[in-house]
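Okay, structure first, notes after.
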Amino acid sequence: MDVGAFILAAQFPGQGQEEALHRAVRSAELSEEAGLDAVWVAEHHFVPYGVCPSAVTLAALLLGRTRRIGVGTAVSVLPTVHPVALGEQAALLHLLSGGRFTLGVGRGGPWVDLEVFGSGLRAYERGFPESLDLLLRWLREPRVGADGERFAFREVAVVPRSDDALAGPAVDAPPVVVASTSPASVRLAAERGLPMLLGMHCGDEEKAEVVGLWRKSALEAGRSPEDVEAVAARHVSAGVVQIADDRSAAAEILTKAMPGWLRQGLEAHVTVDGRERRMRDPVAYAELLCELHPVGSPRLCADRLAATAERTGIRRFALLVEGSGDLVATEENVRRLGGEVLPLLR
């Protein structure tokens, strides 16, 4: 079992952005101290849902402040960045951290970010496969050129090479995972032989179905059963964790704090083309997250993680630890996750 902290740098009502970022960094540092396996950091633009605008930048800081723990992006949004620029950053972090960096990428949403960064709605609606393929080539080949719909440039040398080799395909490129929230993204990940990151809004049954679709798509794409099994072992399940002496106390912490953050964070998203969007009810969503994920006593949390692994086959977890919105409570949550839950799983 691989258990990591999922860090959004969430700005709760009444908090400043610096406070949210400080809590994010402190949570990551404590995650290493507590014995967790990984830290996963998110990025968002122009909204208090999460105030980190660059997951790779925060990952670089955290890799410099830690020595053992893995650090991944969950996720870097490909439609708003050039794949070559992201590939260069990923290779740099991979090499300088001794292989502790994982690059998680996703399609994002139809937000105003696409207008601000000049990529446009087409990059979101149909450009993700081209961006992903260019990124993967950059991480695996010594020289890369492009002649696509969105990216076209002469062949250039890949510097730095993620495997530090002079020639030939990379054998030790940074691991890449793909946020998969639709059948199309599931099939894309499967065809490219990449593991998925599945969202915290999904329950075990839905995640099991998604893993089944991924496996079927990978085999249909011609991947060997051995390769499919090896990649499937690297899927990541996002969730929420809150530890208290009993379930009611843990759930109370989240249902008091999370709705205010969810309301102001989700309402702040603006679509690039004015399309209508349906926002989840913040109270109902917080209650749903408490039902789906490890929220309760250490034993209940361990049992819930073990049950998810059994039902879905996923054994890597990225768990939101900052749902209380409070630094002291988040620190205690991380310590109890490492000190009281992990021993029960191992």
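Every chain in the structure tokens takes a letter, A first, then B, and so on in the order presented; its residues are numbered from 1, and the ligands are numbered from 1 following the presented order.
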Give me the residues within 6 Å of stretch 80-91 of chain A as a VMD selection string, counting only C-alpha atoms and dropping any in the same chain fewer than 5 places off. chain A and resid 131 135 162
Export of prior selection with N, CA and C atoms as a PDB file, in the first residue's frame:
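Result file is again_19.pdb:
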```pdb
ATOM      1  N   SER A 131      -1.034  17.141 -27.103  1.00  0.00           N
ATOM      2  CA  SER A 131      -0.149  17.651 -26.052  1.00  0.00           C
ATOM      3  C   SER A 131       0.497  16.520 -25.271  1.00  0.00           C
ATOM      4  N   LEU A 135       4.507  15.588 -25.047  1.00  0.00           N
ATOM      5  CA  LEU A 135       5.157  15.517 -23.737  1.00  0.00           C
ATOM      6  C   LEU A 135       5.877  14.176 -23.557  1.00  0.00           C
ATOM      7  N   SER A 162      16.079  13.080 -19.443  1.00  0.00           N
ATOM      8  CA  SER A 162      15.621  12.583 -18.142  1.00  0.00           C
ATOM      9  C   SER A 162      16.367  11.341 -17.690  1.00  0.00           C
TER      10      SER A 162
END
```
Identify all residues of stretch 144-271 of chain A in alpha helix (DSSP H) (DSSP on the backbone) and supply them as an MDAnalysis selection string. chainID A and resid 183:191 204:220 225:232 247:267
Leaving out A:Gly222 and any residue of its chain fewer than 6 positions from it, which residues lie within 12 Å of it when counting only C-alpha atoms, given as a compact mmCIF listing (two decimals) with all heavy atoms, in the first residue's frame?
```txt
# COMPACT_ATOMS: atom_id res chain seq x y z
N ALA A 190 -4.93 4.38 -21.33
CA ALA A 190 -4.71 2.95 -21.58
C ALA A 190 -3.91 2.73 -22.85
O ALA A 190 -2.96 1.93 -22.88
CB ALA A 190 -6.06 2.24 -21.66
N GLU A 191 -4.27 3.43 -23.91
CA GLU A 191 -3.57 3.26 -25.19
C GLU A 191 -2.12 3.70 -25.09
O GLU A 191 -1.25 3.13 -25.76
CB GLU A 191 -4.29 4.05 -26.28
CG GLU A 191 -5.66 3.49 -26.63
CD GLU A 191 -6.51 4.45 -27.42
OE1 GLU A 191 -6.03 5.58 -27.70
OE2 GLU A 191 -7.66 4.10 -27.77
N ARG A 192 -1.83 4.70 -24.27
CA ARG A 192 -0.45 5.18 -24.10
C ARG A 192 0.31 4.38 -23.04
O ARG A 192 1.48 4.63 -22.79
CB ARG A 192 -0.44 6.64 -23.69
CG ARG A 192 -0.69 7.73 -24.73
CD ARG A 192 -1.19 7.31 -26.04
NE ARG A 192 -1.45 8.44 -26.94
CZ ARG A 192 -2.54 8.54 -27.69
NH1 ARG A 192 -3.47 7.59 -27.65
NH2 ARG A 192 -2.70 9.56 -28.51
N GLY A 193 -0.35 3.43 -22.39
CA GLY A 193 0.31 2.63 -21.37
C GLY A 193 0.62 3.40 -20.11
O GLY A 193 1.63 3.16 -19.45
N ARG A 215 -8.33 -1.39 -18.40
CA ARG A 215 -7.68 -2.66 -18.68
C ARG A 215 -8.13 -3.20 -20.05
O ARG A 215 -7.31 -3.66 -20.85
CB ARG A 215 -8.02 -3.66 -17.57
CG ARG A 215 -7.23 -4.96 -17.61
CD ARG A 215 -7.68 -5.87 -16.47
NE ARG A 215 -7.52 -5.22 -15.19
CZ ARG A 215 -6.41 -5.23 -14.48
NH1 ARG A 215 -5.35 -5.88 -14.92
NH2 ARG A 215 -6.36 -4.62 -13.30
N LYS A 216 -9.43 -3.15 -20.32
CA LYS A 216 -9.96 -3.61 -21.60
C LYS A 216 -9.38 -2.81 -22.75
O LYS A 216 -8.98 -3.37 -23.78
CB LYS A 216 -11.48 -3.50 -21.58
CG LYS A 216 -12.19 -3.92 -22.87
CD LYS A 216 -13.71 -3.86 -22.67
CE LYS A 216 -14.45 -4.29 -23.94
NZ LYS A 216 -14.31 -3.28 -25.02
N VAL A 228 0.16 -4.64 -18.98
CA VAL A 228 -1.08 -4.09 -18.42
C VAL A 228 -1.08 -4.22 -16.91
O VAL A 228 -1.43 -3.28 -16.18
CB VAL A 228 -2.31 -4.78 -19.05
CG1 VAL A 228 -3.58 -4.42 -18.29
CG2 VAL A 228 -2.45 -4.39 -20.51
```
Check which residues of stretch 170-288 of chain A sit at most 9 Å from stretch 33-52 of chain A using only C-alpha atoms, and return one row each with the closest pair of atoms and their distance in Å to one decimal, ordered by chain and rising number, as a tab-separated table.
```
residue	atom	partner	partner_atom	distance
A:Trp261	CA	A:Tyr49	CA	6.9
A:Leu262	CA	A:Tyr49	CA	6.9
A:Arg263	CA	A:Tyr49	CA	8.9
A:Gln264	CA	A:Pro48	CA	7.0
A:Gly265	CA	A:Tyr49	CA	3.9
A:Leu266	CA	A:Tyr49	CA	6.5
A:Glu267	CA	A:Val47	CA	8.7
A:Ala268	CA	A:Val47	CA	5.5
A:His269	CA	A:Val47	CA	6.4
```
Taking N, CA and C atoms for each residue, export the selection above as a compact mmCIF listing (two decimals), in the first residue's frame.
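Writing the result to result_32.txt gives the following:
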```txt
# COMPACT_ATOMS: atom_id res chain seq x y z
N TRP A 261 -15.55 26.33 2.17
CA TRP A 261 -14.46 26.32 1.19
C TRP A 261 -14.96 25.89 -0.18
N LEU A 262 -15.76 24.82 -0.22
CA LEU A 262 -16.29 24.33 -1.49
C LEU A 262 -17.16 25.38 -2.16
N ARG A 263 -18.01 26.06 -1.37
CA ARG A 263 -18.93 27.04 -1.95
C ARG A 263 -18.15 28.17 -2.61
N GLN A 264 -17.22 28.78 -1.88
CA GLN A 264 -16.52 29.93 -2.46
C GLN A 264 -15.52 29.48 -3.54
N GLY A 265 -14.98 28.29 -3.39
CA GLY A 265 -14.02 27.82 -4.38
C GLY A 265 -14.65 27.41 -5.69
N LEU A 266 -15.75 26.67 -5.63
CA LEU A 266 -16.40 26.22 -6.85
C LEU A 266 -17.15 27.34 -7.56
N GLU A 267 -17.74 28.25 -6.78
CA GLU A 267 -18.46 29.37 -7.39
C GLU A 267 -17.54 30.30 -8.16
N ALA A 268 -16.25 30.30 -7.82
CA ALA A 268 -15.31 31.23 -8.45
C ALA A 268 -14.89 30.79 -9.85
N HIS A 269 -15.15 29.54 -10.22
CA HIS A 269 -14.78 29.07 -11.55
C HIS A 269 -15.64 29.76 -12.61
```
DSSP on the backbone, strand (DSSP E or B) only: what residues of stretch 57-303 of chain A does that give? Format it as number ranges by chain. A: 70-73, 76-77, 101-106, 111, 143-147, 152-157, 176-179, 196-198, 236-240, 242-243, 271, 295-296
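The residue set within 12 Å of A:Gly64, counting only C-alpha atoms and dropping same-chain residues fewer than 2 places from it, reads Val25, Ala28, Glu29, Thr57, Leu58, Ala59, Ala60, Leu61, Leu62, Thr66, Arg67, Arg68, Ile69, Gly70, Val71, Leu93, Leu96, Ser97, Gly98, Arg100 and Phe101 of chain A.
Distance annotation: of A:Ala238, A:Val177, A:Leu327, A:Ile7, the residue with the minimal separation from A:Glu19 is A:Leu327; atom set is only C-alpha atoms.
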A:Leu139: which residues within 12 Å, counting only C-alpha atoms, same-chain residues fewer than 4 positions away excluded, as a ChimeraX atom specification? /A:83-92,94-95,103,132-135,143-144,157-165,168-176
May I have the residues from that selection written out with N, CA, C and O atoms, as a CSV table (one decimal), in the first residue's frame?
```csv
chain,number,residue,atom,x,y,z
A,83,PRO,N,3.8,21.6,-23.8
A,83,PRO,CA,4.3,20.3,-23.3
A,83,PRO,C,5.8,20.3,-23.2
A,83,PRO,O,6.3,19.6,-22.4
A,84,VAL,N,6.5,21.0,-24.1
A,84,VAL,CA,8.0,20.9,-24.0
A,84,VAL,C,8.5,21.7,-22.8
A,84,VAL,O,9.4,21.2,-22.1
A,85,ALA,N,7.9,22.8,-22.5
A,85,ALA,CA,8.3,23.5,-21.2
A,85,ALA,C,8.0,22.6,-20.0
A,85,ALA,O,8.9,22.5,-19.1
A,86,LEU,N,6.9,22.0,-20.0
A,86,LEU,CA,6.6,21.1,-18.9
A,86,LEU,C,7.5,19.9,-18.8
A,86,LEU,O,8.0,19.5,-17.8
A,87,GLY,N,7.8,19.3,-20.0
A,87,GLY,CA,8.7,18.2,-20.1
A,87,GLY,C,10.1,18.6,-19.6
A,87,GLY,O,10.8,17.8,-18.9
A,88,GLU,N,10.6,19.8,-19.9
A,88,GLU,CA,11.9,20.2,-19.4
A,88,GLU,C,11.9,20.3,-17.9
A,88,GLU,O,12.9,19.9,-17.3
A,89,GLN,N,10.8,20.9,-17.4
A,89,GLN,CA,10.8,21.0,-15.9
A,89,GLN,C,10.7,19.6,-15.2
A,89,GLN,O,11.4,19.4,-14.2
A,90,ALA,N,9.9,18.7,-15.8
A,90,ALA,CA,9.8,17.4,-15.2
A,90,ALA,C,11.1,16.7,-15.3
A,90,ALA,O,11.5,16.0,-14.3
A,91,ALA,N,11.9,16.8,-16.4
A,91,ALA,CA,13.2,16.1,-16.4
A,91,ALA,C,14.1,16.7,-15.4
A,91,ALA,O,14.9,16.0,-14.8
A,92,LEU,N,14.1,18.0,-15.3
A,92,LEU,CA,15.0,18.7,-14.3
A,92,LEU,C,14.7,18.2,-12.9
A,92,LEU,O,15.6,17.8,-12.1
A,94,HIS,N,13.2,15.4,-12.0
A,94,HIS,CA,13.4,14.0,-12.0
A,94,HIS,C,14.9,13.7,-11.7
A,94,HIS,O,15.3,12.9,-10.8
A,95,LEU,N,15.8,14.4,-12.4
A,95,LEU,CA,17.2,14.2,-12.3
A,95,LEU,C,17.7,14.7,-10.9
A,95,LEU,O,18.5,14.1,-10.2
A,103,LEU,N,5.1,13.1,-12.6
A,103,LEU,CA,4.4,14.1,-13.3
A,103,LEU,C,2.9,13.6,-13.6
A,103,LEU,O,2.7,12.7,-14.4
A,132,LEU,N,-0.3,15.5,-24.9
A,132,LEU,CA,0.2,14.4,-24.2
A,132,LEU,C,1.3,13.6,-25.0
A,132,LEU,O,2.4,13.3,-24.4
A,133,ASP,N,1.0,13.4,-26.2
A,133,ASP,CA,2.0,12.6,-27.1
A,133,ASP,C,3.3,13.4,-27.2
A,133,ASP,O,4.4,12.8,-27.1
A,134,LEU,N,3.2,14.7,-27.4
A,134,LEU,CA,4.4,15.5,-27.5
A,134,LEU,C,5.2,15.5,-26.2
A,134,LEU,O,6.4,15.4,-26.2
A,135,LEU,N,4.5,15.6,-25.0
A,135,LEU,CA,5.2,15.5,-23.7
A,135,LEU,C,5.9,14.2,-23.6
A,135,LEU,O,7.0,14.1,-23.1
A,143,ARG,N,15.9,13.6,-29.4
A,143,ARG,CA,15.6,14.8,-30.2
A,143,ARG,C,14.1,14.7,-30.5
A,143,ARG,O,13.6,13.7,-30.8
A,144,VAL,N,13.5,15.9,-30.6
A,144,VAL,CA,12.1,16.0,-30.8
A,144,VAL,C,11.7,17.1,-31.7
A,144,VAL,O,12.2,18.3,-31.6
A,157,ALA,N,17.3,19.3,-29.8
A,157,ALA,CA,17.8,18.4,-28.8
A,157,ALA,C,17.1,18.5,-27.5
A,157,ALA,O,16.7,19.6,-27.1
A,158,VAL,N,16.9,17.4,-26.8
A,158,VAL,CA,16.2,17.3,-25.5
A,158,VAL,C,17.3,17.5,-24.4
A,158,VAL,O,18.2,16.7,-24.3
A,159,VAL,N,17.2,18.7,-23.7
A,159,VAL,CA,18.2,19.0,-22.7
A,159,VAL,C,17.4,19.6,-21.5
A,159,VAL,O,16.7,20.5,-21.7
A,160,PRO,N,17.6,19.0,-20.3
A,160,PRO,CA,18.3,17.8,-20.0
A,160,PRO,C,17.6,16.5,-20.4
A,160,PRO,O,16.3,16.5,-20.3
A,161,ARG,N,18.3,15.5,-20.7
A,161,ARG,CA,17.6,14.2,-20.9
A,161,ARG,C,17.3,13.6,-19.5
A,161,ARG,O,18.1,13.6,-18.6
A,162,SER,N,16.1,13.1,-19.4
A,162,SER,CA,15.6,12.6,-18.1
A,162,SER,C,16.4,11.3,-17.7
A,162,SER,O,16.4,11.0,-16.5
A,163,ASP,N,17.0,10.6,-18.6
A,163,ASP,CA,17.8,9.5,-18.3
A,163,ASP,C,19.3,9.8,-18.3
A,163,ASP,O,20.1,8.9,-18.1
A,164,ASP,N,19.6,11.0,-18.7
A,164,ASP,CA,21.0,11.4,-18.7
A,164,ASP,C,21.8,10.6,-19.7
A,164,ASP,O,23.0,10.3,-19.5
A,165,ALA,N,21.2,10.1,-20.7
A,165,ALA,CA,21.9,9.2,-21.7
A,165,ALA,C,22.3,10.1,-22.9
A,165,ALA,O,21.7,11.1,-23.2
A,168,GLY,N,19.4,7.1,-27.8
A,168,GLY,CA,18.5,6.0,-27.5
A,168,GLY,C,17.3,6.4,-26.7
A,168,GLY,O,17.3,7.4,-26.0
A,169,PRO,N,16.3,5.5,-26.6
A,169,PRO,CA,15.1,5.8,-25.8
A,169,PRO,C,15.4,5.8,-24.4
A,169,PRO,O,16.2,5.1,-23.9
A,170,ALA,N,14.7,6.7,-23.7
A,170,ALA,CA,14.9,6.8,-22.2
A,170,ALA,C,14.4,5.6,-21.5
A,170,ALA,O,13.4,5.0,-21.8
A,171,VAL,N,15.2,5.0,-20.6
A,171,VAL,CA,14.8,3.9,-19.8
A,171,VAL,C,14.3,4.3,-18.4
A,171,VAL,O,13.8,3.4,-17.7
A,172,ASP,N,14.5,5.5,-18.1
A,172,ASP,CA,14.2,5.9,-16.7
A,172,ASP,C,13.6,7.3,-16.7
A,172,ASP,O,14.0,8.2,-16.0
A,173,ALA,N,12.6,7.5,-17.6
A,173,ALA,CA,12.0,8.8,-17.6
A,173,ALA,C,11.1,9.0,-16.4
A,173,ALA,O,10.7,8.0,-15.7
A,174,PRO,N,10.8,10.2,-16.1
A,174,PRO,CA,9.9,10.5,-14.9
A,174,PRO,C,8.6,9.7,-15.1
A,174,PRO,O,8.0,9.7,-16.2
A,175,PRO,N,8.0,9.1,-14.1
A,175,PRO,CA,6.7,8.5,-14.2
A,175,PRO,C,5.7,9.5,-14.6
A,175,PRO,O,5.7,10.6,-14.1
A,176,VAL,N,4.7,9.1,-15.4
A,176,VAL,CA,3.6,10.0,-15.8
A,176,VAL,C,2.3,9.3,-15.5
A,176,VAL,O,2.1,8.1,-15.8
```
What lies within 9 Å of A:Val178 using only C-alpha atoms, ignoring chain neighbours under 6 positions off, as a list in words?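 The neighbour list is Ala74, Val75, Leu103, Gly104, Val105, Gly106, Arg107, Ser185, Val186, Leu188, Ala189, Leu194, Pro195, Met196, Leu197 and Leu198 of chain A.
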Skip stretch 293-300 of chain A itself and residues of its chain fewer than 4 positions away, then list as a ChimeraX atom specification all residues within 12 Å of it, counting only C-alpha atoms. /A:3,199-204,237-255,286-289,304-309,317-321,323-324,333-345
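Distance check against A:Ser119 using only C-alpha atoms: of A:Thr330, A:Phe153, A:Leu219, A:Val272, the minimum falls on A:Val272.
If you look at atom CA of A:Asp227 and atom CA of A:Trp214, they are 12.8 Å away from each other.
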What gap, in Å, lies between atom CA of A:Arg150 and atom CA of A:Arg122? 9.3 Å
Would you work out the distance separating atom CA of A:Leu213 from atom CA of A:Ala184, expressed in Å to one decimal?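 Those two atoms sit 10.4 Å apart.
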Go through A:Pro79, A:Gly72, A:His235, A:Met1 and flag the residue nearest A:Glu115, using only C-alpha atoms for the distances. A:Pro79
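Nearest residue to A:Ile314 among A:Lys256, A:Arg278, A:Arg137, A:Lys207 is A:Lys207, counting only C-alpha atoms.
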